[in-house]
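Data file: coords.txt. Format and content: compact mmCIF, C-alpha atoms.
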# COMPACT_ATOMS: atom_id res chain seq x y z
CA MET A 1 -24.10 -35.12 -43.54
CA GLU A 2 -20.36 -34.67 -43.21
CA THR A 3 -18.03 -36.67 -45.37
CA TRP A 4 -15.08 -38.63 -44.07
CA ASP A 5 -12.65 -35.93 -45.29
CA GLU A 6 -14.56 -33.21 -43.42
CA THR A 7 -14.55 -35.26 -40.23
CA LYS A 8 -10.82 -35.91 -40.55
CA SER A 9 -10.13 -32.24 -41.22
CA GLN A 10 -12.17 -31.20 -38.17
CA ALA A 11 -10.30 -33.70 -35.99
CA ALA A 12 -6.95 -32.36 -37.21
CA SER A 13 -8.11 -28.81 -36.53
CA ASN A 14 -9.17 -29.70 -33.01
CA GLU A 15 -5.84 -31.41 -32.37
CA PHE A 16 -4.03 -28.29 -33.56
CA LEU A 17 -6.13 -26.15 -31.20
CA LEU A 18 -5.27 -28.41 -28.28
CA HIS A 19 -1.56 -27.93 -29.00
CA ALA A 20 -2.14 -24.19 -29.37
CA TYR A 21 -3.88 -24.16 -25.98
CA ASP A 22 -0.83 -25.79 -24.40
CA GLY A 23 1.35 -23.21 -26.13
CA TRP A 24 -0.65 -20.24 -24.82
CA LEU A 25 -0.55 -21.74 -21.33
CA HIS A 26 3.22 -22.14 -21.56
CA SER A 27 3.63 -18.54 -22.80
CA MET A 28 1.56 -17.20 -19.91
CA HIS A 29 3.54 -19.12 -17.29
CA GLN A 30 6.83 -18.09 -18.87
CA SER A 31 5.87 -14.41 -18.88
CA GLU A 32 4.71 -14.62 -15.26
CA GLU A 33 8.01 -16.16 -14.17
CA ILE A 34 10.09 -13.55 -16.01
CA GLY A 35 8.16 -10.71 -14.39
CA GLU A 36 8.47 -12.22 -10.92
CA ARG A 37 12.23 -12.76 -11.32
CA ARG A 38 12.77 -9.14 -12.36
CA VAL A 39 10.84 -7.85 -9.37
CA GLN A 40 12.80 -10.14 -7.04
CA PHE A 41 16.07 -8.90 -8.55
CA PHE A 42 15.01 -5.27 -8.12
CA ILE A 43 14.06 -5.77 -4.45
CA SER A 44 17.37 -7.53 -3.78
CA PHE A 45 19.23 -4.72 -5.54
CA VAL A 46 17.45 -2.05 -3.48
CA THR A 47 18.25 -3.94 -0.27
CA ALA A 48 21.93 -4.27 -1.19
CA VAL A 49 22.25 -0.56 -2.08
CA ALA A 50 20.50 0.52 1.13
CA ALA A 51 22.74 -1.72 3.22
CA GLY A 52 25.83 -0.33 1.53
CA LEU A 53 24.78 3.29 2.08
CA VAL A 54 23.97 2.67 5.74
CA THR A 55 27.34 0.97 6.23
CA LEU A 56 29.19 3.91 4.68
CA GLN A 57 27.21 6.45 6.69
CA THR A 58 27.81 4.72 10.03
CA ALA A 59 31.47 3.88 9.37
CA THR A 60 34.11 5.44 11.55
CA ASP A 61 36.54 7.98 10.16
CA VAL A 62 39.32 5.43 10.48
CA TRP A 63 38.24 3.30 7.52
CA ARG A 64 35.51 5.35 5.82
CA PRO A 65 36.41 5.91 2.14
CA ALA A 66 37.15 9.45 1.06
CA LEU A 67 33.87 10.10 -0.73
CA ASP A 68 30.71 12.14 -0.32
CA VAL A 69 28.17 9.67 1.06
CA MET A 70 25.27 12.07 0.52
CA MET A 71 26.09 12.56 -3.16
CA LEU A 72 26.53 8.82 -3.55
CA ALA A 73 23.11 8.27 -1.97
CA LYS A 74 21.47 10.72 -4.37
CA LEU A 75 23.03 9.07 -7.42
CA SER A 76 22.18 5.60 -6.11
CA ILE A 77 18.52 6.42 -5.49
CA ALA A 78 18.22 8.11 -8.88
CA ALA A 79 19.62 4.98 -10.54
CA LEU A 80 17.29 2.76 -8.50
CA LEU A 81 14.33 4.91 -9.53
CA LEU A 82 15.22 4.53 -13.21
CA ILE A 83 15.52 0.75 -12.85
CA GLY A 84 12.31 0.70 -10.81
CA ILE A 85 10.31 2.50 -13.50
CA LEU A 86 11.62 0.09 -16.15
CA THR A 87 10.72 -2.87 -13.94
CA PHE A 88 7.25 -1.40 -13.35
CA MET A 89 6.71 -1.14 -17.11
CA ARG A 90 7.88 -4.73 -17.57
CA VAL A 91 5.38 -5.91 -14.94
CA LEU A 92 2.58 -4.10 -16.79
CA HIS A 93 3.70 -5.77 -20.02
CA ARG A 94 3.64 -9.11 -18.19
CA ASP A 95 0.06 -8.50 -17.07
CA HIS A 96 -0.88 -7.56 -20.64
CA ILE A 97 0.54 -10.81 -21.99
CA THR A 98 -1.22 -12.79 -19.27
CA ASN A 99 -4.57 -11.22 -20.14
CA GLY A 100 -4.04 -11.90 -23.83
CA CYS A 101 -3.06 -15.52 -23.32
CA MET A 102 -6.10 -16.05 -21.09
CA ALA A 103 -8.34 -14.55 -23.80
CA GLU A 104 -6.89 -16.93 -26.40
CA MET A 105 -7.37 -19.94 -24.13
CA LYS A 106 -10.95 -18.95 -23.29
CA ALA A 107 -11.70 -18.66 -27.01
CA ILE A 108 -10.45 -22.22 -27.57
CA GLN A 109 -12.49 -23.39 -24.58
CA ARG A 110 -15.64 -21.81 -26.05
CA HIS A 111 -14.86 -23.50 -29.36
CA PHE A 112 -14.88 -26.97 -27.79
CA LEU A 113 -17.88 -26.20 -25.58
CA ALA A 114 -19.77 -25.33 -28.75
CA GLY A 115 -19.07 -28.79 -30.15
CA GLY A 116 -15.78 -28.07 -31.89
CA ARG A 117 -17.34 -26.13 -34.73
CA GLY A 118 -16.26 -22.87 -36.25
CA THR A 119 -13.04 -20.87 -35.84
CA PRO A 120 -12.13 -19.76 -32.30
CA LEU A 121 -11.40 -16.05 -32.07
CA ALA A 122 -10.17 -14.30 -28.96
CA ALA A 123 -12.72 -11.77 -27.83
CA LYS A 124 -11.63 -8.16 -27.48
CA ILE A 125 -10.48 -7.59 -23.93
CA GLU A 126 -12.55 -5.01 -22.09
CA ARG A 127 -10.95 -5.36 -18.71
CA GLU A 128 -10.90 -2.81 -15.93
CA PRO A 129 -7.45 -2.40 -14.36
CA ARG A 130 -6.93 -4.08 -11.05
CA LYS A 131 -7.43 -2.03 -7.93
CA LEU A 132 -4.27 -1.06 -6.09
CA LEU A 133 -5.62 -2.32 -2.76
CA ARG A 134 -5.87 -5.84 -4.20
CA GLY A 135 -2.09 -6.03 -4.31
CA GLY A 136 -0.02 -7.66 -7.00
CA LEU A 137 3.41 -7.02 -8.47
CA ALA A 138 2.30 -3.87 -10.31
CA SER A 139 0.94 -2.34 -7.10
CA MET A 140 4.09 -3.25 -5.20
CA MET A 141 6.37 -1.76 -7.87
CA LEU A 142 4.28 1.41 -7.96
CA LEU A 143 4.65 1.78 -4.19
CA LEU A 144 8.40 1.15 -4.30
CA ASN A 145 8.85 3.78 -7.00
CA VAL A 146 6.81 6.29 -5.01
CA LEU A 147 9.00 5.67 -1.96
CA LEU A 148 12.14 6.13 -4.07
CA VAL A 149 10.82 9.45 -5.41
CA ALA A 150 10.09 10.63 -1.87
CA ALA A 151 13.56 9.60 -0.68
CA LEU A 152 15.27 11.29 -3.64
CA PHE A 153 13.44 14.60 -3.17
CA ALA A 154 14.08 14.45 0.57
CA LEU A 155 17.81 14.19 -0.10
CA LEU A 156 17.71 16.93 -2.72
CA SER A 157 15.99 19.35 -0.32
CA THR A 158 18.19 18.82 2.73
CA SER A 159 19.07 22.51 2.73
CA LEU A 160 15.44 23.32 3.66
CA ASP A 161 13.86 22.93 7.07
CA LEU A 162 12.02 19.77 8.12
CA TRP A 163 8.54 20.94 7.14
CA ALA A 164 9.63 22.18 3.72
CA THR A 165 11.54 18.95 3.09
CA SER A 166 8.52 16.85 4.07
CA LEU A 167 6.23 18.94 1.89
CA CYS A 168 8.57 18.73 -1.11
CA SER A 169 9.10 14.97 -0.88
CA GLY A 170 5.42 14.32 -0.16
CA ALA A 171 4.23 16.37 -3.13
CA ALA A 172 6.73 14.65 -5.43
CA ALA A 173 5.65 11.22 -4.17
CA VAL A 174 1.94 12.00 -4.72
CA ALA A 175 2.61 13.35 -8.23
CA ALA A 176 4.70 10.30 -9.12
CA GLY A 177 2.05 7.94 -7.74
CA LEU A 178 -0.73 9.59 -9.73
CA TRP A 179 1.31 9.55 -12.93
CA LEU A 180 2.32 5.89 -12.56
CA ASP A 181 -1.24 4.87 -11.69
CA ALA A 182 -2.61 6.74 -14.72
CA TYR A 183 -0.08 4.96 -16.93
CA ARG A 184 -1.04 1.63 -15.35
CA LYS A 185 -4.74 2.17 -16.10
CA GLN A 186 -4.04 3.32 -19.66
CA ARG A 187 -1.80 0.31 -20.29
CA ALA A 188 -4.43 -2.09 -18.93
CA LYS A 189 -7.02 -0.86 -21.45
CA GLN A 190 -4.85 -1.38 -24.52
CA PRO A 191 -6.17 -4.08 -26.85
CA TRP A 192 -4.48 -7.46 -26.98
CA LYS A 193 -2.05 -7.79 -29.86
CA GLU A 194 -0.01 -10.81 -30.74
CA CYS A 195 3.74 -10.25 -30.76
CA SER A 196 6.82 -12.43 -31.10
CA GLU A 197 6.99 -13.23 -27.38
CA CYS A 198 3.20 -13.63 -27.07
CA GLN A 199 2.68 -16.16 -29.84
CA ALA A 200 1.97 -19.67 -28.73
CA PRO A 201 5.05 -21.88 -29.08
CA PRO A 202 4.64 -25.53 -30.00
CA SER A 203 3.64 -27.56 -27.00
CA PRO A 204 6.03 -30.23 -25.69
CA ALA A 205 3.54 -32.90 -26.79
CA ALA A 206 3.79 -31.71 -30.38
CA LYS A 207 7.56 -32.17 -30.53
Rewritten as structure tokens:
Amino acid sequence: METWDETKSQAASNEFLLHAYDGWLHSMHQSEEIGERRVQFFISFVTAVAAGLVTLQTATDVWRPALDVMMLAKLSIAALLLIGILTFMRVLHRDHITNGCMAEMKAIQRHFLAGGRGTPLAAKIEREPRKLLRGGLASMMLLLNVLLVAALFALLSTSLDLWATSLCSGAAAVAAGLWLDAYRKQRAKQPWKECSECQAPPSPAAK
């Protein structure tokens, strides 16, 4: 039979777990929002750069700036590709945090379903990566990066004929897609580890 001190200790432990659950939920939502904002910024940036390049290319000689539009397009797409790869990696990190937070919350749920006994431990995540056809921010960023690679190689091979240019850009796009997808799958299988931005902050109710 449990003593009064043991009952009080168990109640305090359960209250702490409830606050921790709120903290993990807050961390997951915060990570999701940060990832979505970065993808939205990247898409807006790509749209602005494309609009600027089209405007310069179609401008009349009267007011067109004295610059090489083709060279500017190559440099712009290369910069967009670099930013796109970094954004893609951030989205994968976001998904990793989301999976970890969900594992922690499920462990707390199992703890209470078992009667509030024992210490809740997050189970090791054995999750298969999401299929590309199911969509999601990672799939969208992968596709955008593949299109940027194809556009960059198409501009770099303008001295070739149409078939050679298409073959060069297509091969580069396929290679980039396979590499990014392999990295995505490898990142999805990494074990969940707590880090400074993954740890559950105190819930608002605890303040």
Residues near Ala50 (chain A), cut-off 12 Å, all atoms listed in the file, skip fewer than 2 positions along chain, as a list of chain:residue names: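 Using all atoms listed in the file, the neighbours found are A:Ile43, A:Ser44, A:Phe45, A:Val46, A:Thr47, A:Ala48, A:Gly52, A:Leu53, A:Val54, A:Thr55, A:Leu56, A:Gln57, A:Val69, A:Leu72, A:Ala73, A:Lys74, A:Ser76, A:Ile77, A:Leu80, A:Leu148, A:Ala151.
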Among listed residues A:Leu144, A:Asn99, A:Leu155, A:Ala188, nearest Ala176 (chain A) (using all atoms listed in the file):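 Distance minimum relative to Ala176 (chain A) lands on A:Leu144.
In this structure, CA of Phe88 (chain A) sits 6.3 Å away from CA of Ala138 (chain A).
A straight line drawn from CA of Gly177 (chain A) to CA of Val146 (chain A) is 5.7 Å long.
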Å distance separating CA of Phe16 (chain A) from CA of Gln30 (chain A), one decimal place: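 Interatomic distance, CA of Phe16 (chain A) to CA of Gln30 (chain A): 20.9 Å.
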Top pick for closest residue to Glu36 (chain A), considering A:His19, A:Lys185, A:Arg110, A:Arg90 and counting only C-alpha atoms: A:Arg90
Pick from A:Ala20, A:Leu180, A:Leu25, A:Leu152, whichever lies nearest to Leu86 (chain A) using only C-alpha atoms: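 For Leu86 (chain A), the nearest of the given residues is A:Leu180.
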Given only C-alpha atoms as the counted atoms, nearest of A:Gln190, A:Ser27, A:Gln10, A:Ser159 to Glu104 (chain A):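 For Glu104 (chain A), the nearest of the given residues is A:Ser27.
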Residue contacts of Thr165 (chain A) (6 Å, all atoms listed in the file) excluding same-chain residues fewer than 4 positions away, as a JSON list (two decimals) with C-alpha atoms, in the coordinates of the input:
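Saved to part16.json:
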[["chain", "number", "residue", "atom", "x", "y", "z"],
["A", 154, "ALA", "CA", 14.08, 14.45, 0.57],
["A", 157, "SER", "CA", 15.99, 19.35, -0.32],
["A", 160, "LEU", "CA", 15.44, 23.32, 3.66]]
Counting only C-alpha atoms, the option among A:Glu33, A:Phe153, A:Thr58, A:Thr158 closest to Gly170 (chain A):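 Using only C-alpha atoms, Gly170 (chain A) sits closest to A:Phe153.
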Can you tell me, as AutoDock Vina command-line options, the centre and edge lengths (Å, one decimal) of the axis-aligned box enclosing all of region 160-166 of chain A's listed atoms after padding each side by 4 Å?
--center_x 12.0 --center_y 20.1 --center_z 5.6 --size_x 14.9 --size_y 14.5 --size_z 13.0
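Distances from A:Leu92, A:Met102, A:Ile97, A:Ala172 to Ser139 (chain A) were compared using only C-alpha atoms, and the smallest one belongs to A:Leu92.
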